[in-house]
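Q: This one is coords.pdb, PDB, C-alpha atoms and all ligand atoms.
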MODEL        1
ATOM      1  CA  MET X 251      69.456  90.068 142.785
ATOM      2  CA  ILE X 252      70.554  87.670 145.532
ATOM      3  CA  ALA X 253      71.894  89.205 148.752
ATOM      4  CA  ALA X 254      75.372  87.686 148.420
ATOM      5  CA  GLU X 255      75.727  89.256 144.990
ATOM      6  CA  ALA X 256      74.661  92.663 146.284
ATOM      7  CA  ASP X 257      77.136  92.400 149.153
ATOM      8  CA  SER X 258      79.973  91.517 146.794
ATOM      9  CA  PHE X 259      79.753  94.943 145.129
ATOM     10  CA  ARG X 260      82.868  96.538 146.619
ATOM     11  CA  PRO X 261      84.685  98.494 143.919
ATOM     12  CA  PHE X 262      87.128  99.759 146.544
ATOM     13  CA  PRO X 263      87.689  98.582 150.096
ATOM     14  CA  GLY X 264      86.220 101.105 152.477
ATOM     15  CA  ILE X 265      83.653 102.582 150.052
ATOM     16  CA  SER X 266      80.243 101.983 151.491
ATOM     17  CA  ALA X 267      77.180 101.218 149.364
ATOM     18  CA  HIS X 268      75.737 104.432 150.802
ATOM     19  CA  ILE X 269      78.367 106.407 148.813
ATOM     20  CA  TYR X 270      78.513 104.223 145.671
ATOM     21  CA  SER X 271      76.149 101.325 145.152
ATOM     22  CA  ARG X 272      75.528  98.795 142.432
ATOM     23  CA  ALA X 273      72.366 100.740 141.566
ATOM     24  CA  ASP X 274      74.475 103.893 141.080
ATOM     25  CA  PHE X 275      76.839 102.037 138.765
ATOM     26  CA  GLU X 276      73.916 100.631 136.812
ATOM     27  CA  GLU X 277      72.359 104.087 136.493
ATOM     28  CA  VAL X 278      75.620 105.593 135.191
ATOM     29  CA  SER X 279      75.917 102.690 132.722
ATOM     30  CA  ARG X 280      72.376 103.332 131.480
ATOM     31  CA  ILE X 281      73.042 107.040 130.965
ATOM     32  CA  ILE X 282      76.309 106.581 129.019
ATOM     33  CA  TYR X 283      74.753 103.814 126.938
ATOM     34  CA  ASP X 284      71.699 105.912 126.067
ATOM     35  CA  ILE X 285      73.769 108.977 125.159
ATOM     36  CA  ALA X 286      76.958 107.574 123.638
ATOM     37  CA  GLY X 287      76.320 103.871 123.013
ATOM     38  CA  ILE X 288      79.217 102.981 125.334
ATOM     39  CA  VAL X 289      78.643  99.681 127.144
ATOM     40  CA  LEU X 290      79.974  99.485 130.695
ATOM     41  CA  PRO X 291      79.808  95.849 131.851
ATOM     42  CA  PRO X 292      79.827  95.063 135.616
ATOM     43  CA  GLY X 293      83.627  94.626 135.523
ATOM     44  CA  LYS X 294      83.924  98.394 134.942
ATOM     45  CA  ALA X 295      82.439  99.345 138.337
ATOM     46  CA  THR X 296      85.867 100.220 139.744
ATOM     47  CA  LEU X 297      86.790 102.264 136.667
ATOM     48  CA  VAL X 298      83.543 104.227 136.938
ATOM     49  CA  TYR X 299      84.225 104.915 140.599
ATOM     50  CA  SER X 300      87.765 106.154 139.977
ATOM     51  CA  ARG X 301      86.776 108.316 137.000
ATOM     52  CA  LEU X 302      83.743 109.897 138.675
ATOM     53  CA  ALA X 303      84.739 110.185 142.341
ATOM     54  CA  PRO X 304      86.661 113.483 141.725
ATOM     55  CA  LEU X 305      83.644 114.894 139.857
ATOM     56  CA  VAL X 306      81.277 113.828 142.633
ATOM     57  CA  ARG X 307      83.514 115.686 145.111
ATOM     58  CA  GLU X 308      83.845 118.807 142.916
ATOM     59  CA  SER X 309      80.089 118.982 142.420
ATOM     60  CA  GLY X 310      79.628 119.198 146.195
ATOM     61  CA  GLN X 311      77.380 116.132 146.245
ATOM     62  CA  GLN X 312      78.004 113.666 149.031
ATOM     63  CA  THR X 313      77.026 110.485 147.242
ATOM     64  CA  PHE X 314      76.931 109.074 143.715
ATOM     65  CA  ALA X 315      73.130 108.898 143.880
ATOM     66  CA  ARG X 316      72.909 112.638 144.548
ATOM     67  CA  TYR X 317      75.524 113.363 141.885
ATOM     68  CA  ILE X 318      73.506 111.399 139.314
ATOM     69  CA  GLU X 319      70.395 113.402 140.241
ATOM     70  CA  HIS X 320      72.473 116.575 139.910
ATOM     71  CA  VAL X 321      73.885 115.784 136.427
ATOM     72  CA  ARG X 322      70.384 115.056 135.175
ATOM     73  CA  ARG X 323      69.553 118.708 135.922
ATOM     74  CA  ASP X 324      72.907 120.258 134.946
ATOM     75  CA  GLU X 325      73.845 119.988 131.290
ATOM     76  CA  ALA X 326      77.482 121.077 131.735
ATOM     77  CA  ASP X 327      78.107 118.567 134.521
ATOM     78  CA  MET X 328      76.378 115.831 132.511
ATOM     79  CA  ARG X 329      78.811 116.611 129.721
ATOM     80  CA  GLY X 330      81.691 116.436 132.229
ATOM     81  CA  MET X 331      80.501 113.004 133.310
ATOM     82  CA  ILE X 332      80.286 111.773 129.703
ATOM     83  CA  ASN X 333      83.767 113.166 129.001
ATOM     84  CA  ALA X 334      85.160 111.331 132.019
ATOM     85  CA  LEU X 335      83.655 108.016 130.937
ATOM     86  CA  THR X 336      85.241 108.020 127.469
ATOM     87  CA  THR X 337      88.525 106.184 126.953
ATOM     88  CA  ASN X 338      90.859 108.174 124.722
ATOM     89  CA  HIS X 339      93.957 105.988 124.427
ATOM     90  CA  THR X 340      95.605 106.610 121.059
ATOM     91  CA  PHE X 341      99.018 107.114 119.450
ATOM     92  CA  PHE X 342     100.633 108.236 116.211
ATOM     93  CA  TYR X 343     100.835 105.703 113.391
ATOM     94  CA  ARG X 344      98.777 103.179 115.370
ATOM     95  CA  GLU X 345      98.155 100.162 113.102
ATOM     96  CA  SER X 346     100.642 101.577 110.613
ATOM     97  CA  HIS X 347      99.498  99.278 107.774
ATOM     98  CA  HIS X 348      96.411 101.503 107.444
ATOM     99  CA  PHE X 349      98.576 104.544 106.722
ATOM    100  CA  ASP X 350     100.769 102.528 104.336
ATOM    101  CA  HIS X 351      97.629 101.401 102.486
ATOM    102  CA  LEU X 352      96.279 104.931 102.350
ATOM    103  CA  ALA X 353      99.583 106.307 101.042
ATOM    104  CA  GLY X 354     100.162 103.520  98.518
ATOM    105  CA  GLN X 355      96.687 102.542  97.293
ATOM    106  CA  VAL X 356      94.330 105.454  97.900
ATOM    107  CA  ARG X 357      96.471 108.587  97.748
ATOM    108  CA  PRO X 358      97.105 108.396  93.961
ATOM    109  CA  GLN X 359      93.333 108.574  93.269
ATOM    110  CA  LEU X 360      92.913 111.411  95.748
ATOM    111  CA  LEU X 361      95.800 113.341  94.191
ATOM    112  CA  ALA X 362      94.153 112.895  90.781
ATOM    113  CA  LYS X 363      90.833 114.166  92.136
ATOM    114  CA  ALA X 364      92.452 117.198  93.749
ATOM    115  CA  ARG X 365      94.399 117.909  90.556
ATOM    116  CA  ALA X 366      91.108 117.817  88.607
ATOM    117  CA  GLY X 367      89.572 120.327  91.033
ATOM    118  CA  GLU X 368      87.222 117.766  92.589
ATOM    119  CA  PRO X 369      86.497 117.774  96.332
ATOM    120  CA  VAL X 370      88.376 115.274  98.503
ATOM    121  CA  ARG X 371      86.965 114.442 101.937
ATOM    122  CA  LEU X 372      88.446 112.303 104.734
ATOM    123  CA  TRP X 373      87.069 111.737 108.224
ATOM    124  CA  SER X 374      88.697 110.581 111.418
ATOM    125  CA  ALA X 375      85.596 109.560 113.417
ATOM    126  CA  GLY X 376      86.404 109.180 117.120
ATOM    127  CA  CYS X 377      89.710 111.008 116.627
ATOM    128  CA  SER X 378      90.546 111.291 120.330
ATOM    129  CA  THR X 379      93.354 113.854 120.819
ATOM    130  CA  GLY X 380      94.329 113.930 117.141
ATOM    131  CA  GLU X 381      97.161 111.417 116.771
ATOM    132  CA  GLU X 382      95.146 109.431 114.221
ATOM    133  CA  LEU X 383      94.022 112.559 112.417
ATOM    134  CA  TYR X 384      97.550 113.925 111.951
ATOM    135  CA  SER X 385      98.970 110.504 111.023
ATOM    136  CA  LEU X 386      96.296 110.421 108.335
ATOM    137  CA  ALA X 387      97.058 113.975 107.198
ATOM    138  CA  MET X 388     100.815 113.307 106.923
ATOM    139  CA  ALA X 389     100.279 110.001 105.079
ATOM    140  CA  LEU X 390      97.932 111.784 102.666
ATOM    141  CA  LEU X 391     100.268 114.703 101.958
ATOM    142  CA  GLY X 392     103.372 112.532 101.655
ATOM    143  CA  PRO X 393     106.947 113.677 102.219
ATOM    144  CA  ASP X 394     107.299 115.765  99.042
ATOM    145  CA  LYS X 395     106.088 119.263  99.922
ATOM    146  CA  ARG X 396     105.918 120.303  96.269
ATOM    147  CA  GLU X 397     103.616 117.434  95.345
ATOM    148  CA  ALA X 398     101.599 118.009  98.526
ATOM    149  CA  ARG X 399     100.683 121.479  97.203
ATOM    150  CA  ILE X 400      98.219 119.776  94.829
ATOM    151  CA  LEU X 401      96.277 118.675  97.912
ATOM    152  CA  LEU X 402      96.898 121.787 100.025
ATOM    153  CA  ASP X 403      95.751 124.093  97.201
ATOM    154  CA  GLY X 404      92.812 121.854  96.291
ATOM    155  CA  ASP X 405      89.370 121.392  97.838
ATOM    156  CA  VAL X 406      90.641 118.896 100.412
ATOM    157  CA  VAL X 407      89.227 118.656 103.932
ATOM    158  CA  ILE X 408      90.002 116.231 106.732
ATOM    159  CA  LEU X 409      87.203 116.234 109.268
ATOM    160  CA  ALA X 410      88.027 114.963 112.756
ATOM    161  CA  THR X 411      85.328 114.415 115.352
ATOM    162  CA  ASP X 412      85.032 113.137 118.880
ATOM    163  CA  LEU X 413      82.451 113.169 121.642
ATOM    164  CA  ALA X 414      84.827 114.196 124.440
ATOM    165  CA  ASP X 415      85.556 117.916 124.879
ATOM    166  CA  HIS X 416      89.129 117.336 126.094
ATOM    167  CA  ALA X 417      89.793 115.164 123.022
ATOM    168  CA  VAL X 418      88.500 117.860 120.669
ATOM    169  CA  ALA X 419      90.655 120.442 122.489
ATOM    170  CA  GLY X 420      93.766 118.248 122.187
ATOM    171  CA  ALA X 421      93.176 117.566 118.492
ATOM    172  CA  SER X 422      92.638 121.284 117.843
ATOM    173  CA  ALA X 423      95.826 122.258 119.687
ATOM    174  CA  ALA X 424      97.947 119.936 117.463
ATOM    175  CA  ARG X 425     100.881 119.984 119.924
ATOM    176  CA  TYR X 426     102.519 116.828 121.261
ATOM    177  CA  PRO X 427     105.580 115.718 123.192
ATOM    178  CA  ALA X 428     108.352 115.175 120.624
ATOM    179  CA  ASP X 429     108.696 111.459 121.330
ATOM    180  CA  ALA X 430     104.977 110.901 120.620
ATOM    181  CA  LEU X 431     105.869 110.942 116.919
ATOM    182  CA  LYS X 432     108.637 108.342 117.117
ATOM    183  CA  ASP X 433     106.697 105.850 114.927
ATOM    184  CA  VAL X 434     105.987 108.388 112.181
ATOM    185  CA  PRO X 435     108.306 107.878 109.180
ATOM    186  CA  ASP X 436     111.252 110.335 109.383
ATOM    187  CA  ALA X 437     110.550 111.919 105.988
ATOM    188  CA  LEU X 438     106.974 112.807 106.997
ATOM    189  CA  ARG X 439     108.109 114.206 110.342
ATOM    190  CA  GLN X 440     110.733 116.339 108.650
ATOM    191  CA  SER X 441     108.169 117.836 106.263
ATOM    192  CA  TRP X 442     105.177 118.393 108.558
ATOM    193  CA  VAL X 443     106.332 118.786 112.152
ATOM    194  CA  HIS X 444     108.115 121.710 113.806
ATOM    195  CA  ARG X 445     109.813 121.779 117.160
ATOM    196  CA  VAL X 446     108.444 124.236 119.741
ATOM    197  CA  GLY X 447     110.461 123.984 122.968
ATOM    198  CA  ASP X 448     110.032 120.490 124.404
ATOM    199  CA  GLU X 449     107.080 119.824 122.142
ATOM    200  CA  VAL X 450     106.320 119.539 118.455
ATOM    201  CA  GLU X 451     103.598 121.225 116.476
ATOM    202  CA  LEU X 452     101.954 120.164 113.223
ATOM    203  CA  ASP X 453     102.624 122.428 110.239
ATOM    204  CA  SER X 454     100.136 125.289 109.851
ATOM    205  CA  GLY X 455      99.582 124.486 106.144
ATOM    206  CA  LEU X 456      98.602 120.925 107.024
ATOM    207  CA  ARG X 457      96.371 122.159 109.840
ATOM    208  CA  ALA X 458      94.547 124.492 107.445
ATOM    209  CA  MET X 459      92.892 121.501 105.745
ATOM    210  CA  VAL X 460      91.730 120.023 109.069
ATOM    211  CA  ARG X 461      88.391 120.710 110.790
ATOM    212  CA  VAL X 462      88.016 119.405 114.331
ATOM    213  CA  ARG X 463      84.485 119.214 115.742
ATOM    214  CA  ARG X 464      82.596 117.700 118.642
ATOM    215  CA  LEU X 465      80.198 115.068 117.319
ATOM    216  CA  ASN X 466      78.331 112.205 118.927
ATOM    217  CA  LEU X 467      78.458 109.363 116.391
ATOM    218  CA  LEU X 468      75.054 108.186 117.604
ATOM    219  CA  GLY X 469      73.418 111.538 116.824
ATOM    220  CA  PRO X 470      72.685 113.263 113.522
ATOM    221  CA  TRP X 471      75.603 113.925 111.153
ATOM    222  CA  PRO X 472      75.500 117.382 109.602
ATOM    223  CA  MET X 473      77.967 116.541 106.798
ATOM    224  CA  LYS X 474      76.396 116.842 103.370
ATOM    225  CA  ARG X 475      79.199 115.560 101.155
ATOM    226  CA  GLY X 476      80.246 111.973 100.653
ATOM    227  CA  PHE X 477      83.632 110.851 101.979
ATOM    228  CA  ASP X 478      86.531 109.284 100.131
ATOM    229  CA  VAL X 479      88.018 107.874 103.322
ATOM    230  CA  ILE X 480      86.654 107.208 106.810
ATOM    231  CA  PHE X 481      88.801 106.076 109.724
ATOM    232  CA  CYS X 482      86.802 104.826 112.721
ATOM    233  CA  ARG X 483      89.214 102.765 114.729
ATOM    234  CA  ASN X 484      88.975 101.476 118.297
ATOM    235  CA  VAL X 485      85.698 103.297 118.876
ATOM    236  CA  MET X 486      83.182 100.555 118.097
ATOM    237  CA  ILE X 487      84.870  98.204 120.588
ATOM    238  CA  TYR X 488      82.887 100.047 123.275
ATOM    239  CA  PHE X 489      79.550  99.505 121.496
ATOM    240  CA  ASP X 490      77.168  96.532 121.362
ATOM    241  CA  GLN X 491      76.528  94.640 118.125
ATOM    242  CA  ALA X 492      73.330  96.492 117.206
ATOM    243  CA  THR X 493      75.052  99.877 117.598
ATOM    244  CA  LYS X 494      78.090  98.680 115.602
ATOM    245  CA  ASP X 495      75.857  97.407 112.782
ATOM    246  CA  ARG X 496      73.902 100.674 112.632
ATOM    247  CA  LEU X 497      77.106 102.712 112.643
ATOM    248  CA  VAL X 498      78.897 100.780 109.871
ATOM    249  CA  ALA X 499      75.711 101.028 107.770
ATOM    250  CA  ARG X 500      75.794 104.808 108.246
ATOM    251  CA  PHE X 501      79.499 104.922 107.349
ATOM    252  CA  ALA X 502      78.751 102.943 104.182
ATOM    253  CA  ASP X 503      75.989 105.427 103.296
ATOM    254  CA  GLN X 504      78.352 108.341 103.929
ATOM    255  CA  LEU X 505      81.153 106.898 101.745
ATOM    256  CA  LEU X 506      81.367 107.672  98.042
ATOM    257  CA  PRO X 507      81.349 104.642  95.735
ATOM    258  CA  GLY X 508      84.879 103.242  95.864
ATOM    259  CA  GLY X 509      85.532 105.026  99.195
ATOM    260  CA  HIS X 510      87.497 103.290 101.944
ATOM    261  CA  LEU X 511      86.618 102.514 105.568
ATOM    262  CA  TYR X 512      89.412 101.717 108.045
ATOM    263  CA  ILE X 513      88.403 100.133 111.364
ATOM    264  CA  GLY X 514      90.337  98.820 114.375
ATOM    265  CA  HIS X 515      92.160  95.476 114.273
ATOM    266  CA  SER X 516      89.624  93.749 116.547
ATOM    267  CA  GLU X 517      86.597  95.161 114.718
ATOM    268  CA  ARG X 518      84.798  93.998 111.584
ATOM    269  CA  VAL X 519      82.050  95.081 109.251
ATOM    270  CA  GLY X 520      79.058  92.812 109.851
ATOM    271  CA  GLY X 521      75.285  92.864 109.370
ATOM    272  CA  GLU X 522      73.895  93.808 105.965
ATOM    273  CA  THR X 523      76.769  96.218 105.304
ATOM    274  CA  GLN X 524      79.246  93.391 104.705
ATOM    275  CA  TYR X 525      77.478  92.832 101.351
ATOM    276  CA  ARG X 526      78.122  96.444 100.306
ATOM    277  CA  MET X 527      81.813  96.554 101.262
ATOM    278  CA  ALA X 528      84.738  94.511  99.938
ATOM    279  CA  LEU X 529      87.523  93.610 102.351
ATOM    280  CA  VAL X 530      90.643  94.899 100.577
ATOM    281  CA  GLY X 531      93.244  94.675 103.376
ATOM    282  CA  GLY X 532      93.570  94.038 107.134
ATOM    283  CA  THR X 533      90.398  95.721 108.492
ATOM    284  CA  ILE X 534      90.218  97.918 105.359
ATOM    285  CA  TYR X 535      86.951  97.944 103.384
ATOM    286  CA  ARG X 536      86.049  99.495 100.034
ATOM    287  CA  LYS X 537      82.504 100.457  99.204
ATOM    288  CA  ASP X 538      81.189  98.795  96.043
ATOM    289  CA  GLY X 539      80.592 100.889  92.991
ATOM    290  CA  MET X 540      83.944 101.323  91.239
TER     291      MET X 540
HETATM  292  C1  LIG U 601      90.214 104.611 122.152
HETATM  293  S1  LIG U 601      89.866 106.148 121.352
HETATM  294  C2  LIG U 601      90.365 105.775 119.680
HETATM  295  C3  LIG U 601      91.140 106.922 119.064
HETATM  296  C4  LIG U 601      91.667 106.652 117.658
HETATM  297  N1  LIG U 601      90.577 106.447 116.735
HETATM  298  C5  LIG U 601      92.607 105.496 117.646
HETATM  299  O1  LIG U 601      92.280 104.419 117.149
HETATM  300  O2  LIG U 601      93.729 105.642 118.161
HETATM  301  C6  LIG U 601      88.086 106.102 121.246
HETATM  302  C7  LIG U 601      87.466 107.504 121.054
HETATM  303  O3  LIG U 601      86.092 107.349 120.692
HETATM  304  C8  LIG U 601      85.373 108.409 121.280
HETATM  305  N2  LIG U 601      83.944 108.042 121.361
HETATM  306  C9  LIG U 601      83.362 107.094 122.124
HETATM  307  N3  LIG U 601      82.055 107.078 121.934
HETATM  308  C10 LIG U 601      81.784 108.029 121.011
HETATM  309  C11 LIG U 601      80.593 108.505 120.397
HETATM  310  N4  LIG U 601      79.390 107.997 120.686
HETATM  311  N5  LIG U 601      80.684 109.515 119.502
HETATM  312  C12 LIG U 601      81.890 110.040 119.199
HETATM  313  N6  LIG U 601      83.053 109.641 119.738
HETATM  314  C13 LIG U 601      82.997 108.648 120.642
HETATM  315  C14 LIG U 601      86.029 108.592 122.638
HETATM  316  O4  LIG U 601      85.790 109.870 123.174
HETATM  317  C15 LIG U 601      87.500 108.332 122.321
HETATM  318  O5  LIG U 601      88.230 109.510 122.135
ENDMDL
END
Is it possible to give me this structure as structure tokens?
A:
Amino acid sequence: MIAAEADSFRPFPGISAHIYSRADFEEVSRIIYDIAGIVLPPGKATLVYSRLAPLVRESGQQTFARYIEHVRRDEADMRGMINALTTNHTFFYRESHHFDHLAGQVRPQLLAKARAGEPVRLWSAGCSTGEELYSLAMALLGPDKREARILLDGDVVILATDLADHAVAGASAARYPADALKDVPDALRQSWVHRVGDEVELDSGLRAMVRVRRLNLLGPWPMKRGFDVIFCRNVMIYFDQATKDRLVARFADQLLPGGHLYIGHSERVGGETQYRMALVGGTIYRKDGM
């Protein structure tokens, strides 16, 4: 590295390289990439500083270099660092055409399966604090509570997973500020959401079919059954191409024939997997075999 380049590393005015250096940033980037697949390009040096500086202080370490040494020895603090480096931005009914497609095109088959006593499995992979998960659950159940009983009484499970502990906690709590649900169709809100003070809470019947778990998408997946529907949206944007290709191949393996994969608007299914999945809508793919 040339000297001028090294000198230009100033994520914040007044932060000396003794406290936070380019090497520290690169080390943090390596760790989060190895564990979670998240790529932190050089432009993220300031973000890393602002996310980790409070944790460096809390840990009692004086510098980032010492903090990095510390988290390597302390599993809980390593997990805190990983949590802090995830980006969890999400909202209800984000990319609403996915929920419209699910309700219009996929739900009838899932209702028929549930009515026949067959298992129905959906997965919100990288669910963040649950807004996607509960949008999915409401779109699946539909506004008619009597018809929804077919699903609620059937063998229907929506799995929701995320790497970040605070995301898993938020999704499990299922409580949101009332205006967070402003984009959810009124009829769904009226059926599945209850007011609790200044907040709203998702219906307990709906929540009974939801399982929220911590899961690193890069690690092993303990799920045995195939899925009818997988949502993995705005997660792969943080990954490099090789990681994306491996992940979509695993999603394709995990889908039942005819199952649907929904990904974020800027993402696409590439690599070998594109030959196993038909594009059936805006960033909506169906696995061959039906
Ligand atoms: C921007 S949020 C997307 C939330 C939601 N899917 C949506 O589209 O609104 C990305 C989520 O992916 C999670 N994530 C990132 N890397 C992950 C990994 N390796 N395994 C599991 N979750 C991961 C983050 O913790 C974060 O909550």
Q: Do a neighbour search on Arg457 (chain X) at 9 Å with all atoms listed in the file, toss out local chain neighbours closer than 2 positions, and write the hits as a short mmCIF file (atom, residue, chain, number, x, y, z; two decimals) with C-alpha atoms, in the frame of the given file.
A:
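In the end it all went to part-v4.cif:
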data_model
loop_
_atom_site.label_atom_id
_atom_site.label_comp_id
_atom_site.auth_asym_id
_atom_site.auth_seq_id
_atom_site.Cartn_x
_atom_site.Cartn_y
_atom_site.Cartn_z
CA TYR X 384 97.55 113.92 111.95
CA ALA X 387 97.06 113.98 107.20
CA SER X 422 92.64 121.28 117.84
CA ALA X 424 97.95 119.94 117.46
CA LEU X 452 101.95 120.16 113.22
CA ASP X 453 102.62 122.43 110.24
CA SER X 454 100.14 125.29 109.85
CA GLY X 455 99.58 124.49 106.14
CA MET X 459 92.89 121.50 105.74
CA VAL X 460 91.73 120.02 109.07
CA ARG X 461 88.39 120.71 110.79
#
Q: Nearest residue to ligand LIG 601 (chain U) out of X:Pro507, X:Gly420, X:Gly310, X:Gly521, using all atoms listed in the file?
A: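 Under the stated criterion, the closest residue is X:Gly420.
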Q: Run the PyMOL selection byres (((chain X and resi 511-520) around 7) and not hetatm) on the file and write out the hits as a ChimeraX atom specification.
A: /X:479-484,487,495,498,509-510,521-524,533-536
Q: Select the residues contacting ligand LIG 601 (chain U) at a distance of at most 6 Å, based on only C-alpha atoms and all ligand atoms, then format the selection as a VMD selection string.
A: chain X and resid 286 to 287 336 to 341 376 to 378 382 412 to 414 417 465 to 468 482 to 485
Q: Compile the contact shell of Pro369 (chain X) as an MDAnalysis selection string: residues with an atom at most 8 Å away, counting all atoms listed in the file, same-chain residues fewer than 4 positions apart removed.
A: chainID X and resid 363:364 404:406
Q: Store the residues picked out above in a file with C-alpha atoms, as a short mmCIF file (atom, residue, chain, number, x, y, z; two decimals), keeping the file's coordinate frame.
A:
data_model
loop_
_atom_site.label_atom_id
_atom_site.label_comp_id
_atom_site.auth_asym_id
_atom_site.auth_seq_id
_atom_site.Cartn_x
_atom_site.Cartn_y
_atom_site.Cartn_z
CA LYS X 363 90.83 114.17 92.14
CA ALA X 364 92.45 117.20 93.75
CA GLY X 404 92.81 121.85 96.29
CA ASP X 405 89.37 121.39 97.84
CA VAL X 406 90.64 118.90 100.41
#
Q: Just how far from CA of Leu372 (chain X) is CA of Asp415 (chain X), in Å to one decimal?
A: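 Straight-line distance from CA of Asp415 (chain X) to CA of Leu372 (chain X) works out to 21.1 Å.
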Q: Find the residue from X:Leu438, X:Met328, X:Leu302, X:Ala273 that sits nearest to Ala353 (chain X); use only C-alpha atoms when measuring.
A: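 With only C-alpha atoms as the atom set, the closest residue is X:Leu438.
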Q: Quick one: what's the axis-aligned box for region 322-338 of chain X, all listed atoms, 4 Å on every side, centre and edges in Å to one decimal, as JSON?
A:
{"center_x": 80.2, "center_y": 113.6, "center_z": 130.3, "size_x": 29.3, "size_y": 22.9, "size_z": 19.2}
Q: Tell me, as a short mmCIF file (atom, residue, chain, number, x, y, z; two decimals) with C-alpha atoms, keeping the file's coordinate frame, which residues lie within 12 Å of region 280-283 of chain X, counting only C-alpha atoms; anything in the same chain fewer than 5 positions away does not count.
A:
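Ended up saving to selection-v4.cif:
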data_model
loop_
_atom_site.label_atom_id
_atom_site.label_comp_id
_atom_site.auth_asym_id
_atom_site.auth_seq_id
_atom_site.Cartn_x
_atom_site.Cartn_y
_atom_site.Cartn_z
CA ALA X 273 72.37 100.74 141.57
CA ASP X 274 74.47 103.89 141.08
CA PHE X 275 76.84 102.04 138.76
CA ILE X 288 79.22 102.98 125.33
CA VAL X 289 78.64 99.68 127.14
CA LEU X 290 79.97 99.48 130.70
CA PRO X 291 79.81 95.85 131.85
CA PRO X 292 79.83 95.06 135.62
CA VAL X 298 83.54 104.23 136.94
CA ILE X 318 73.51 111.40 139.31
CA GLU X 319 70.40 113.40 140.24
CA VAL X 321 73.89 115.78 136.43
CA ARG X 322 70.38 115.06 135.18
CA MET X 328 76.38 115.83 132.51
CA ARG X 329 78.81 116.61 129.72
CA GLY X 330 81.69 116.44 132.23
CA MET X 331 80.50 113.00 133.31
CA ILE X 332 80.29 111.77 129.70
CA ASN X 333 83.77 113.17 129.00
CA ALA X 334 85.16 111.33 132.02
CA LEU X 335 83.66 108.02 130.94
CA THR X 336 85.24 108.02 127.47
CA LEU X 413 82.45 113.17 121.64
CA ASN X 466 78.33 112.20 118.93
CA LEU X 468 75.05 108.19 117.60
CA TYR X 488 82.89 100.05 123.28
CA PHE X 489 79.55 99.50 121.50
CA ASP X 490 77.17 96.53 121.36
CA THR X 493 75.05 99.88 117.60
#
Q: Tell me which of X:Gly539, X:Gly392, X:Gly264, X:Pro470 sits closest to Leu497 (chain X), counting all atoms listed in the file.
A: X:Pro470
Q: Just the residues within 12 Å of Ala389 (chain X), please, counting all atoms listed in the file, with nothing from its chain fewer than 3 positions along; format it as a PyMOL selection string.
A: chain X and resi 342-343+346-358+360+382-386+392-394+398+401+434-439+441-442+456
Q: Report the distance between CA of Ala528 (chain X) and CA of Phe477 (chain X) in Å, rounded to one decimal place.
A: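 Pair CA of Ala528 (chain X) / CA of Phe477 (chain X) returns 16.5 Å.
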Q: Hey, can you pull every residue with an atom no more than 12 Å from (76.2, 101.6, 151.3), using all atoms listed in the file, and send it as a ChimeraX atom specification?
A: /X:256-261,263-274,313-315
Q: How would you write, as JSON, numbers by chain, the residues chosen by the PyMOL selection byres (((chain X and resi 474) around 12) and not hetatm) on this structure?
A: {"X": [371, 470, 471, 472, 473, 475, 476, 477, 503, 504, 505, 506]}
Q: Can you pull out the residues contacting Asp327 (chain X)? Cut-off 9 Å, using all atoms listed in the file, and skip same-chain residues under 6 positions away; I want them as a PDB file with C-alpha atoms, in the frame of the given file.
A:
ATOM      1  CA  LEU X 305      83.644 114.894 139.857  1.00  0.00           C
ATOM      2  CA  SER X 309      80.089 118.982 142.420  1.00  0.00           C
ATOM      3  CA  HIS X 320      72.473 116.575 139.910  1.00  0.00           C
ATOM      4  CA  VAL X 321      73.885 115.784 136.427  1.00  0.00           C
TER       5      VAL X 321
END
Q: Please measure the separation of CA of Leu390 (chain X) and CA of Arg526 (chain X), giving the value in Å to one decimal.
A: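 Going from CA of Leu390 (chain X) over to CA of Arg526 (chain X), I get 25.2 Å.
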